[in-house]
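Report on one structure; see the data block that follows.
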Amino acid sequence: MPQTNRENGISPARLAPADVQANFSDLHPAYDEHEARVAADRCYFCHDAPCMTACPTSIDIPLFIRQIATGTSEAAAKTILDQNILGGMCARVCPTETLCEEVCVREIAEGKPVEIGRLQRHATDTLMAQGKHPFTRAASTGKTVAVVGAGPAGLACAHRLAMLGHDVVVFEARAKGGGLNEFGIAAYKSTNDFAQKELDWLLGIGGIDIRYDQPLGKSVTLDGLQSDFDAVFLGMGLTAVNALRLDGEDKENVTDAVDFIAELRQASDLSKLPVGRRVVVIGGGMTAIDAGVQAKLLGAEDVTIVYRRGQEAMAASKFEQDLAQQKGVTLICNATPVGIEGNGSLTGVTFAYTETQNGKLVTLDETFTLPADQLFKAIGQALGDIPDTLKIESGKITVDAAQKTNVAGVWAGGDCASGGDDLTVTAVAEGRDAAMDIHATLTGAS
């Protein structure tokens, strides 16, 4: 085992560069052609396949796997991308263990599903490596659409609209596109700058102009977009972070997990990224897992994720929970933070035990304190500032089944909109479906 820098507080270079590089290697290495065909041969090619029903984008999974089995991976990619233009990233980050692979007949019969996610990656990577874009634009409709946010929902919407002949301008608040694919997922899930490569490949359809550093409400306004464009799609995600609302939350080294993940994803040398020796993460979702695991991979000696309910209630999948524990992260459940300790700098976090009584979470009197020199908050995100003309439901923009908002000519999808489950693949489906309804509205087909 490499020696860890035992300095207290936040310190870079806790591990040697070679060790960090190894730690952040691809979580699921790609299949080669032979491996892909062997894996594809396990598929039963079910009629009324349950995996298709479980896929939020309704990819014809048996068809694309059959195409891989017959040596036509490019055709398989086209089958995937017809439904999910970000199929390459979704193959890497989708919780397939709770979606398509969970209902696979092989999983039910043998406890080992067809590895649908890795097969999807093989197909899409094969096509992208050839520099091919399998779609062409339709004749121009003369219509223009504004898309707010260059994340999964916005990009899926923009691509489908461009393919249908509309001109699209994407307004992105950050200096780079990709949204959560670029800034919000663990680095070991998307290696070799894949998010940007996929973005560049997607733009090969033509007809999409991305304008960076253009946040809604500052550089651009909804009223202005409605005036300048024939339709507007909102896909800016959740830009605010929930607070713990505890004294001491402003202490040094108390950080939002999403900021830590974003900083890590943009770092040119991970071995130089500072991390604590004793790290505590508060939360039970994917962001908490990604922050905790990556802190451990950077060389933190003790990493503990603390969640207020039981482990079965964690939003992170069992696969992700198991991954965290395999990497040496400790999970503590049924505990809620009640104090942040330290005089100036963080020294620890105090928790009270919880239990569920009559269906309600109750905080108990018994407490404990975890020593910590770094605390990551991962208790959920919220909408940023949005126009008050938009109806809000449970903290998200209210949309109907076609992704229409209450404002005429404005659609929304992805994490910022109601009805979704905060997954990349769901955001893609909502962006795609909104594009189809925008197209029907603009061309008079609805």
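Quick note on naming: the chains in the structure tokens go A, B, ... in the order shown, residues restart at 1 in each chain, and ligands are numbered from 1 in order of appearance.
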
As a list of chain:residue names, please: the residues near Leu244 of chain A (cut-off 9 Å, only C-alpha atoms, same-chain neighbours under 5 positions excluded).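 Residues near the query, excluding close chain neighbours: A:Glu249, A:Pro337, A:Lys377, A:Ile379.
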
Just the selected residues (C-alpha atoms), exported as an mmCIF file, in the first residue's frame, please.
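The result, written out as part_37.cif:
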```cif
data_model
loop_
_atom_site.group_PDB
_atom_site.id
_atom_site.type_symbol
_atom_site.label_atom_id
_atom_site.label_comp_id
_atom_site.auth_asym_id
_atom_site.auth_seq_id
_atom_site.Cartn_x
_atom_site.Cartn_y
_atom_site.Cartn_z
ATOM 1 C CA GLU A 249 -21.732 25.767 8.319
ATOM 2 C CA PRO A 337 -26.097 16.308 11.914
ATOM 3 C CA LYS A 377 -22.741 18.481 2.158
ATOM 4 C CA ILE A 379 -28.359 16.800 0.951
#
```

Proximity check segment 292-388 of chain A to segment 263-272 of chain A, 10 Å, nearest pairs one decimal Å, only C-alpha atoms, as a Markdown table:
```
| residue | atom | partner | partner_atom | distance |
| --- | --- | --- | --- | --- |
| A:Gln294 | CA | A:Leu264 | CA | 8.7 |
| A:Ala295 | CA | A:Leu264 | CA | 9.7 |
| A:Leu297 | CA | A:Leu270 | CA | 9.9 |
| A:Leu298 | CA | A:Ser271 | CA | 7.0 |
| A:Gly299 | CA | A:Ser271 | CA | 9.1 |
```

Please measure the separation of atom CA of Gly359 of chain A and atom CA of Ala257 of chain A, giving the value in Å to one decimal. 29.0 Å

Need the shell around Val362 of chain A: protein/DNA/RNA residues with any atom at most 10 Å away, counting only C-alpha atoms. Skip same-chain ones fewer than 3 positions apart. Format as a ChimeraX atom specification? /A:308-309,334,336,352-359,365

Polymer residues at most 12 Å from Asp421 of chain A, only C-alpha atoms, same-chain spacing of 6 or more positions, as a ChimeraX atom specification: /A:56,95,285,315,396,413-415,427-430

Report as an mmCIF file with N, CA and C atoms, in the first residue's frame all protein, DNA and RNA residues lying within 8 Å of Ile332 of chain A, evaluated on only C-alpha atoms, omitting residues in the same chain fewer than 6 positions from it.
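Now in around.cif:
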```
data_model
loop_
_atom_site.group_PDB
_atom_site.id
_atom_site.type_symbol
_atom_site.label_atom_id
_atom_site.label_comp_id
_atom_site.auth_asym_id
_atom_site.auth_seq_id
_atom_site.Cartn_x
_atom_site.Cartn_y
_atom_site.Cartn_z
ATOM 1 N N THR A 304 -16.302 8.876 5.880
ATOM 2 C CA THR A 304 -17.564 8.361 6.412
ATOM 3 C C THR A 304 -18.725 9.102 5.773
ATOM 4 N N ILE A 305 -19.656 8.356 5.213
ATOM 5 C CA ILE A 305 -20.902 8.921 4.692
ATOM 6 C C ILE A 305 -21.980 8.678 5.744
ATOM 7 N N VAL A 306 -22.662 9.742 6.146
ATOM 8 C CA VAL A 306 -23.689 9.648 7.182
ATOM 9 C C VAL A 306 -25.040 10.029 6.580
ATOM 10 N N TYR A 307 -26.021 9.147 6.781
ATOM 11 C CA TYR A 307 -27.359 9.346 6.205
ATOM 12 C C TYR A 307 -28.397 9.279 7.317
#
```

So that I can check the secondary structure, give me every residue of segment 150-350 of chain A assigned alpha helix (DSSP H) by backbone DSSP, as JSON, numbers by chain. {"A": [152, 153, 154, 155, 156, 157, 158, 159, 160, 161, 162, 163, 180, 181, 182, 183, 194, 195, 196, 197, 198, 199, 200, 201, 202, 222, 223, 224, 225, 226, 227, 228, 257, 258, 259, 260, 261, 262, 263, 264, 265, 266, 286, 287, 288, 289, 290, 291, 292, 293, 294, 295, 296, 297, 318, 319, 320, 321, 322, 323, 324, 325, 326]}

Just want the 10 Å neighbourhood of Gln196 of chain A, counted on only C-alpha atoms, with same-chain residues fewer than 3 positions away dropped. Output as a list in words. Lys176, Gly177, Gly178, Asn181, Glu182, Asn192, Asp193, Leu199, Asp200, Trp201 and Leu202 of chain A

For the selection you just gave me, I'd like the residues written to a file as an mmCIF file, in the first residue's frame, keeping N, CA and C atoms.
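Output (part.cif):
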```cif
data_model
loop_
_atom_site.group_PDB
_atom_site.id
_atom_site.type_symbol
_atom_site.label_atom_id
_atom_site.label_comp_id
_atom_site.auth_asym_id
_atom_site.auth_seq_id
_atom_site.Cartn_x
_atom_site.Cartn_y
_atom_site.Cartn_z
ATOM 1 N N LYS A 176 -18.241 25.777 -20.096
ATOM 2 C CA LYS A 176 -18.199 24.524 -20.847
ATOM 3 C C LYS A 176 -19.581 23.901 -20.824
ATOM 4 N N GLY A 177 -19.883 23.105 -21.859
ATOM 5 C CA GLY A 177 -21.149 22.399 -21.900
ATOM 6 C C GLY A 177 -21.039 21.013 -21.293
ATOM 7 N N GLY A 178 -22.172 20.326 -21.249
ATOM 8 C CA GLY A 178 -22.211 18.969 -20.723
ATOM 9 C C GLY A 178 -23.031 18.830 -19.463
ATOM 10 N N ASN A 181 -23.009 15.785 -16.808
ATOM 11 C CA ASN A 181 -22.088 14.848 -17.448
ATOM 12 C C ASN A 181 -20.649 15.337 -17.372
ATOM 13 N N GLU A 182 -20.484 16.641 -17.407
ATOM 14 C CA GLU A 182 -19.142 17.230 -17.359
ATOM 15 C C GLU A 182 -18.711 17.571 -15.934
ATOM 16 N N ASN A 192 -11.056 10.126 -19.805
ATOM 17 C CA ASN A 192 -10.531 10.589 -21.103
ATOM 18 C C ASN A 192 -11.379 11.684 -21.742
ATOM 19 N N ASP A 193 -11.927 12.564 -20.876
ATOM 20 C CA ASP A 193 -12.666 13.734 -21.364
ATOM 21 C C ASP A 193 -13.847 13.341 -22.246
ATOM 22 N N LEU A 199 -20.075 15.668 -26.602
ATOM 23 C CA LEU A 199 -20.694 16.946 -26.946
ATOM 24 C C LEU A 199 -20.264 17.389 -28.339
ATOM 25 N N ASP A 200 -18.971 17.346 -28.610
ATOM 26 C CA ASP A 200 -18.484 17.744 -29.933
ATOM 27 C C ASP A 200 -19.083 16.851 -31.022
ATOM 28 N N TRP A 201 -19.177 15.562 -30.738
ATOM 29 C CA TRP A 201 -19.752 14.637 -31.709
ATOM 30 C C TRP A 201 -21.224 14.966 -31.951
ATOM 31 N N LEU A 202 -21.964 15.244 -30.893
ATOM 32 C CA LEU A 202 -23.389 15.570 -31.020
ATOM 33 C C LEU A 202 -23.602 16.797 -31.890
#
```

To test your reading of the structure, identify every residue in segment 294-350 of chain A that backbone DSSP assigns to strand (DSSP E or B), and report it as a PyMOL selection string. chain A and resi 302-306+330-332+335-341+345+348-350

Asp385 of chain A: which residues within 10 Å, counting only C-alpha atoms, same-chain residues fewer than 5 positions away excluded, as number ranges by chain? A: 216-218, 238-240

Selected residue of minimal separation from Thr369 of chain A among A:Val280, A:Gly328, A:Lys404, A:Lys296, counting only C-alpha atoms: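 Between A:Val280, A:Gly328, A:Lys404, A:Lys296, the residue approaching Thr369 of chain A most closely is A:Val280.
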